[in-house]
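Take a look at the structure set out below.
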Amino acid sequence: MFEHNYSDRSPEIQVTGPAAGGASPSGNGATVQPPELAREPRILDRMVSELERDGLVGEQRAAKLIYLVLTSNLLDRPICAVVKGPSSTGKSFVTERVLSLFPASAFYRLSGMSERALAYGEEPLEHRTLVIEEAAGLTSGAGAYLLRSLISEGRLRYETVDHDNDGRLKSRVIERPGPTGLLVTTTALNLEPELETRLFSIPITDNPEQTRSVMQAMAAKAVGTGKGASLDVRPWHDLQNWLGEIDEFWVVIPYAEALAKAIPPVAVRLRRDFGALLGLIKTHAILHQYQRDGDAEGRIMATVEDYAVVHELVADLVSAGVEASVPPTVRETVEAVKELNKLPSWRFVGVPQSEVKKHLGLDKSTISRRIKHAIDLGYLVDEQEKKGQPAKLAVGEPMPDEVEVLPRPDALSRQCCTVAPFPEGEGVSERSPTNASAGSTEDGAFLDAAE
């Protein structure tokens with residue numbers, strides 16, 4: 001998921017933007033009037049609605065999360081993520097559609113890169129997201145090391161050796177300023193371990209229901225009855241350009257202490273994950289700053305509504321990251337093996353992978369990926385002793401009961417007098433004297449990084 005040290009940071013945080021400007025609704029500085037989208041109380045929902053009209057099928061969670069990741073290049077430590085899924089699941093399609101909503105200056109897109117390309121490249125990376133379409137080359141070596149340095153330190157300093165005019169070797173330090181976000185796609189379950197901890201995983205749906213929905217949408221388009229309206233990206237570019245003009249963002253999360261007290265300290269990594277959670281809340285508040293009140297000092301006041309959106313995006317992922325819960329795909333696969341293991345045919349010899357594939361109605365690559373994930377986590381074991389032979393699966397360690405690491409928004413709102421309780425997990429800000437508009441939460445997708 002993610003790994004940053006935020007233990008010494010305050011919930012009141014200054015975030016530096018990529019350009020200077022004048023005054024925004026919250027007093028943070030923009031030279032032009034806010035675009036129409038800045039007044040939208042549910043920006044992520046509107047984005048998904050427009051992408052669906054443009055042909056997106058499902059994957060609302062992934063689309064919303066990718067949008068937040070790209071928007072986070074406004075922060076002084078942008079969010080970094082990896083989009084994961086088997087081949088042909090639509091990772092690149094979803095990423096490409098969301099990228100179209102951003103001006104080219106917001107990201108630097110590559111199909112791949114050599115190990116030391118980051119050190120020798122000349123493309124500006126400051127307050128941009130580096131988008132790499134396949135992470136295969138980032139699993140080890142100098143490339144992974146340089147990426148980790150760029151992400152963690154917010155810049156890159158690389159010392160190399162060149163020949164001078166006299167042919168003598170001379171050292172040279174290459175500096176590439178950040179901060180820089182990272183968005184990659186991969187079919188792998190995990191990247192290089194040290195890099196993996198600095199990213200959060202955005203899962204792509206691999207179940208038969210999603211496959212059927214995609215095929216039905218393609219068929220409807222072929223007969224002329226499906227969606228396919230062209231997407232007008234100009235309003236989305238206007239929104240990002242307006243945000244980019246703001247010199248500094250000051251965001252206050254008034255309920256941060258209540259949130260910290262409500263999260264059970266079940267794992268040491270929560271010391272870092274909590275800071276990343278605060279960063280996502282700030283990202284959403286900055287995106288919706290036109291609907292947020294500012295205090296006397298012009299700081300954006302994040303509401304519990306911002307937490308409600310982020311909670312829906314990342315609650316299960318945070319729990320899985322600290323091993324307080326099990327990913328739904330893994331749980332489904334282990335339960336299938338457990339059920340098949342009760343049958344006389346497999347009770348003592350182990351369940352063949354082909355039977356799990358048949359039981360769940362999945363293709364070979366998808367079930368292989370799921371089983372490997374479950375084995376890596378220890379919830380399944382392969383009892384096959386002969387190399388190259390099909391797996392014989394048995395249940396491994398017991399799966400933990402689901403634990404809600406992040407408190408529900410309605411529980412948090414009861415501890416905060418500035419917001420109203422949320423019905424059934426949805427957030428609604430209290431009407432304020434200075435801002436008559438009240439928003440509600442978006443549906444969700446995943447997380448990492450922050451200030």
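Please note that chains go A, B, ... in the order of the structure tokens, that every chain numbers its residues from 1, and that ligands are numbered from 1 in the order shown.
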
Could you give me, as a PDB file with C-alpha atoms, in the first residue's frame, the residues within 9 Å of stretch 210-212 of chain A, counting only C-alpha atoms and dropping anything in the same chain fewer than 2 positions from it?
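Dumped everything to result_24.pdb:
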```pdb
ATOM      1  CA  VAL A  57     -18.191  -0.092 -17.883  1.00  0.00           C
ATOM      2  CA  GLY A  58     -17.910  -0.582 -14.135  1.00  0.00           C
ATOM      3  CA  GLU A  59     -14.592   0.247 -12.444  1.00  0.00           C
ATOM      4  CA  THR A  89      -9.166  -6.617 -17.595  1.00  0.00           C
ATOM      5  CA  THR A 205     -12.417  -6.305 -11.189  1.00  0.00           C
ATOM      6  CA  ASP A 206     -11.784  -9.822 -12.527  1.00  0.00           C
ATOM      7  CA  ASN A 207     -15.105 -11.577 -11.905  1.00  0.00           C
ATOM      8  CA  PRO A 208     -17.456 -13.076 -14.539  1.00  0.00           C
ATOM      9  CA  VAL A 214     -18.228  -5.428 -20.751  1.00  0.00           C
ATOM     10  CA  MET A 215     -19.349  -7.821 -23.504  1.00  0.00           C
ATOM     11  CA  GLN A 216     -22.947  -6.572 -23.289  1.00  0.00           C
ATOM     12  CA  ALA A 217     -21.771  -2.971 -23.593  1.00  0.00           C
TER      13      ALA A 217
END
```

Within 10 Å of A:Arg116, counting only C-alpha atoms, which residues qualify if same-chain residues fewer than 5 places away don't, as a tab-separated table (two decimals) with N, CA and C atoms, in the first residue's frame?
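So the final result, stored in out-v1.tsv, reads:
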```tsv
chain	number	residue	atom	x	y	z
A	121	GLY	N	17.09	11.61	-17.95
A	121	GLY	CA	16.03	12.29	-18.68
A	121	GLY	C	16.01	13.79	-18.41
A	141	GLY	N	16.65	-3.69	-9.31
A	141	GLY	CA	17.75	-2.97	-9.91
A	141	GLY	C	17.70	-1.47	-9.72
A	142	ALA	N	18.50	-0.78	-10.56
A	142	ALA	CA	18.67	0.66	-10.42
A	142	ALA	C	17.37	1.42	-10.69
A	143	GLY	N	16.56	0.93	-11.62
A	143	GLY	CA	15.31	1.62	-11.93
A	143	GLY	C	14.40	1.73	-10.73
A	144	ALA	N	14.23	0.63	-10.00
A	144	ALA	CA	13.39	0.64	-8.81
A	144	ALA	C	14.00	1.55	-7.73
A	145	TYR	N	15.32	1.51	-7.62
A	145	TYR	CA	16.00	2.35	-6.62
A	145	TYR	C	15.79	3.84	-6.92
A	146	LEU	N	15.94	4.23	-8.18
A	146	LEU	CA	15.77	5.64	-8.54
A	146	LEU	C	14.33	6.09	-8.32
A	147	LEU	N	13.38	5.22	-8.64
A	147	LEU	CA	11.97	5.57	-8.40
A	147	LEU	C	11.69	5.75	-6.91
A	158	TYR	N	21.66	11.93	-8.35
A	158	TYR	CA	22.33	10.74	-8.87
A	158	TYR	C	23.74	11.13	-9.32
```

Check your understanding: Hey, what's within 10 Å of stretch 336-347 of chain A if we count only C-alpha atoms and toss same-chain stuff fewer than 3 positions away? As JSON, numbers by chain, please?
Key -> {"A": [330, 331, 332, 333, 350, 351, 352, 353, 355, 356, 357, 359, 360, 371, 380, 392, 393, 394, 395, 396]}

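Distance check against A:Leu156 using only C-alpha atoms: of A:Ala276, A:Ala267, A:Leu125, A:Ala256, the minimum falls on A:Leu125.
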
For stretch 191-278 of chain A versus stretch 95-100 of chain A, which residues have an atom no more than 10 Å away, and what is each residue's nearest atom pair and distance in Å rounded to one decimal, using only C-alpha atoms, chain-then-number order, as CSV?
```
residue,atom,partner,partner_atom,distance
A:Leu231,CA,A:Ser100,CA,9.2
A:Asp232,CA,A:Ser100,CA,9.6
A:Val233,CA,A:Ser100,CA,6.8
A:Arg234,CA,A:Ser100,CA,9.7
A:Trp236,CA,A:Ser100,CA,8.9
A:His237,CA,A:Ser100,CA,8.8
```

Worksheet item: In stretch 36-94 of chain A, what's strand (DSSP E) per DSSP? Answer as a PyMOL selection string?
Response: chain A and resi 80-84

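Atom CA of A:Val251 is positioned 23.1 Å from atom CA of A:Phe102.
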
Rows by chain and residue number, stretch 189-287 of chain A within 12 Å of stretch 70-80 of chain A, shortest pair, only C-alpha atoms, as CSV:
```
residue,atom,partner,partner_atom,distance
A:Leu195,CA,A:Cys80,CA,10.2
A:Glu196,CA,A:Cys80,CA,10.0
A:Thr197,CA,A:Cys80,CA,10.2
A:Arg198,CA,A:Cys80,CA,7.1
A:Leu199,CA,A:Cys80,CA,5.1
A:Phe200,CA,A:Cys80,CA,6.6
A:Ser201,CA,A:Cys80,CA,9.2
A:Ile202,CA,A:Cys80,CA,10.5
A:Trp236,CA,A:Thr71,CA,11.2
A:His237,CA,A:Thr71,CA,11.4
A:Leu239,CA,A:Thr71,CA,10.3
A:Gln240,CA,A:Thr71,CA,7.7
A:Asn241,CA,A:Thr71,CA,10.8
A:Trp242,CA,A:Leu74,CA,11.4
A:Leu243,CA,A:Leu74,CA,7.9
A:Gly244,CA,A:Leu74,CA,7.1
A:Glu245,CA,A:Leu74,CA,10.1
A:Ile246,CA,A:Leu74,CA,9.1
A:Asp247,CA,A:Leu74,CA,9.6
A:Glu248,CA,A:Leu74,CA,9.1
A:Phe249,CA,A:Leu75,CA,8.5
A:Trp250,CA,A:Leu75,CA,10.7
A:Val251,CA,A:Leu75,CA,11.1
A:Gly275,CA,A:Arg77,CA,11.2
A:Ala276,CA,A:Ile79,CA,8.4
A:Leu277,CA,A:Ile79,CA,10.6
A:Leu278,CA,A:Ile79,CA,11.7
A:Gly279,CA,A:Ile79,CA,8.4
A:Leu280,CA,A:Ser72,CA,8.2
A:Ile281,CA,A:Ser72,CA,10.8
A:Lys282,CA,A:Leu75,CA,9.0
A:Thr283,CA,A:Ser72,CA,6.1
A:His284,CA,A:Thr71,CA,9.0
A:Ala285,CA,A:Ser72,CA,11.2
A:Ile286,CA,A:Leu74,CA,9.1
A:Leu287,CA,A:Thr71,CA,7.8
```

A:Val83 surroundings by only C-alpha atoms, 9 Å radius, close-in-sequence under 2 positions cut, as a compact mmCIF listing (two decimals) with C-alpha atoms, in the first residue's frame:
```txt
# COMPACT_ATOMS: atom_id res chain seq x y z
CA ALA A 62 -10.58 2.53 -9.96
CA ILE A 66 -6.86 7.30 -10.30
CA ALA A 81 -0.31 3.99 -6.91
CA GLY A 85 -5.14 -6.89 -12.57
CA LYS A 91 -6.28 -1.48 -16.64
CA SER A 92 -4.93 0.63 -19.48
CA THR A 95 -6.20 4.79 -16.82
CA LEU A 183 1.06 5.72 -11.44
CA VAL A 184 1.90 2.35 -12.98
CA THR A 185 -0.08 -0.63 -14.24
CA THR A 186 0.93 -4.26 -13.88
CA THR A 187 -0.28 -7.82 -14.12
CA PHE A 200 -1.06 1.67 -2.95
CA SER A 201 -2.84 -0.93 -5.05
CA ILE A 202 -5.89 -0.13 -7.15
CA PRO A 203 -7.56 -3.45 -7.97
CA ILE A 204 -9.33 -4.08 -11.28
```

Quiz item: Could you write out, as a count of residues only, all the residues of stretch 42-184 of chain A that DSSP marks as helix (DSSP H, G or I)?
Solution: 58

Env of A:Pro124: 10 Å cut, atoms = only C-alpha atoms, seq-sep filter 5 positions within chain, self excluded. Answer as a ChimeraX atom specification. /A:105,107-108,176-178,180

Exercise. Determine, counting only C-alpha atoms, which protein, DNA and RNA residues have an atom within 9 Å of an atom of A:Pro264; residues of the same chain fewer than 2 positions away are not included. Present the result as a VMD selection string.
Key: chain A and resid 260 to 262 266 to 267 404 to 406

Limited to all heavy atoms, could you put the picked residues into a file as a PDB file, in the first residue's frame?
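What follows is the written file result21.pdb:
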```
ATOM      1  N   ALA A 260      -7.832   9.726  15.026  1.00  0.00           N
ATOM      2  CA  ALA A 260      -6.688   8.965  15.529  1.00  0.00           C
ATOM      3  C   ALA A 260      -7.088   8.090  16.710  1.00  0.00           C
ATOM      4  O   ALA A 260      -6.646   6.935  16.823  1.00  0.00           O
ATOM      5  CB  ALA A 260      -5.562   9.910  15.924  1.00  0.00           C
ATOM      6  N   LYS A 261      -7.912   8.629  17.601  1.00  0.00           N
ATOM      7  CA  LYS A 261      -8.336   7.866  18.776  1.00  0.00           C
ATOM      8  C   LYS A 261      -9.255   6.701  18.408  1.00  0.00           C
ATOM      9  O   LYS A 261      -9.290   5.685  19.104  1.00  0.00           O
ATOM     10  CB  LYS A 261      -9.046   8.784  19.759  1.00  0.00           C
ATOM     11  CG  LYS A 261      -8.135   9.821  20.412  1.00  0.00           C
ATOM     12  CD  LYS A 261      -8.923  10.725  21.333  1.00  0.00           C
ATOM     13  CE  LYS A 261      -8.021  11.790  21.970  1.00  0.00           C
ATOM     14  NZ  LYS A 261      -8.782  12.710  22.841  1.00  0.00           N
ATOM     15  N   ALA A 262      -9.980   6.840  17.287  1.00  0.00           N
ATOM     16  CA  ALA A 262     -10.962   5.814  16.905  1.00  0.00           C
ATOM     17  C   ALA A 262     -10.334   4.656  16.141  1.00  0.00           C
ATOM     18  O   ALA A 262     -10.973   3.608  15.985  1.00  0.00           O
ATOM     19  CB  ALA A 262     -12.072   6.449  16.061  1.00  0.00           C
ATOM     20  N   VAL A 266      -3.568  -1.666  15.602  1.00  0.00           N
ATOM     21  CA  VAL A 266      -3.366  -3.101  15.392  1.00  0.00           C
ATOM     22  C   VAL A 266      -2.073  -3.427  14.663  1.00  0.00           C
ATOM     23  O   VAL A 266      -1.691  -4.593  14.584  1.00  0.00           O
ATOM     24  CB  VAL A 266      -4.561  -3.695  14.612  1.00  0.00           C
ATOM     25  CG1 VAL A 266      -5.842  -3.624  15.436  1.00  0.00           C
ATOM     26  CG2 VAL A 266      -4.744  -2.979  13.271  1.00  0.00           C
ATOM     27  N   ALA A 267      -1.399  -2.428  14.112  1.00  0.00           N
ATOM     28  CA  ALA A 267      -0.154  -2.693  13.388  1.00  0.00           C
ATOM     29  C   ALA A 267       0.714  -1.447  13.402  1.00  0.00           C
ATOM     30  O   ALA A 267       0.207  -0.325  13.355  1.00  0.00           O
ATOM     31  CB  ALA A 267      -0.438  -3.109  11.945  1.00  0.00           C
ATOM     32  N   GLU A 404     -12.856  -3.712  11.179  1.00  0.00           N
ATOM     33  CA  GLU A 404     -12.947  -2.361  10.627  1.00  0.00           C
ATOM     34  C   GLU A 404     -11.896  -1.491  11.306  1.00  0.00           C
ATOM     35  O   GLU A 404     -12.073  -1.057  12.442  1.00  0.00           O
ATOM     36  CB  GLU A 404     -14.348  -1.794  10.833  1.00  0.00           C
ATOM     37  CG  GLU A 404     -15.407  -2.476   9.981  1.00  0.00           C
ATOM     38  CD  GLU A 404     -16.760  -1.779  10.079  1.00  0.00           C
ATOM     39  OE1 GLU A 404     -16.929  -0.940  10.992  1.00  0.00           O
ATOM     40  OE2 GLU A 404     -17.629  -2.060   9.244  1.00  0.00           O
ATOM     41  N   VAL A 405     -10.805  -1.263  10.597  1.00  0.00           N
ATOM     42  CA  VAL A 405      -9.736  -0.441  11.154  1.00  0.00           C
ATOM     43  C   VAL A 405     -10.141   1.025  11.162  1.00  0.00           C
ATOM     44  O   VAL A 405      -9.932   1.738  12.153  1.00  0.00           O
ATOM     45  CB  VAL A 405      -8.431  -0.643  10.360  1.00  0.00           C
ATOM     46  CG1 VAL A 405      -7.345   0.308  10.847  1.00  0.00           C
ATOM     47  CG2 VAL A 405      -7.960  -2.088  10.487  1.00  0.00           C
ATOM     48  N   LEU A 406     -10.703   1.479  10.061  1.00  0.00           N
ATOM     49  CA  LEU A 406     -11.145   2.870   9.990  1.00  0.00           C
ATOM     50  C   LEU A 406     -12.579   2.985  10.495  1.00  0.00           C
ATOM     51  O   LEU A 406     -13.453   2.215  10.082  1.00  0.00           O
ATOM     52  CB  LEU A 406     -11.072   3.385   8.550  1.00  0.00           C
ATOM     53  CG  LEU A 406      -9.693   3.365   7.883  1.00  0.00           C
ATOM     54  CD1 LEU A 406      -9.782   4.019   6.513  1.00  0.00           C
ATOM     55  CD2 LEU A 406      -8.654   4.038   8.737  1.00  0.00           C
TER      56      LEU A 406
END
```

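Considering only C-alpha atoms, the residue among A:Leu412, A:Tyr120, A:Val252, A:Val223 positioned nearest to A:Ala296 is A:Val252.
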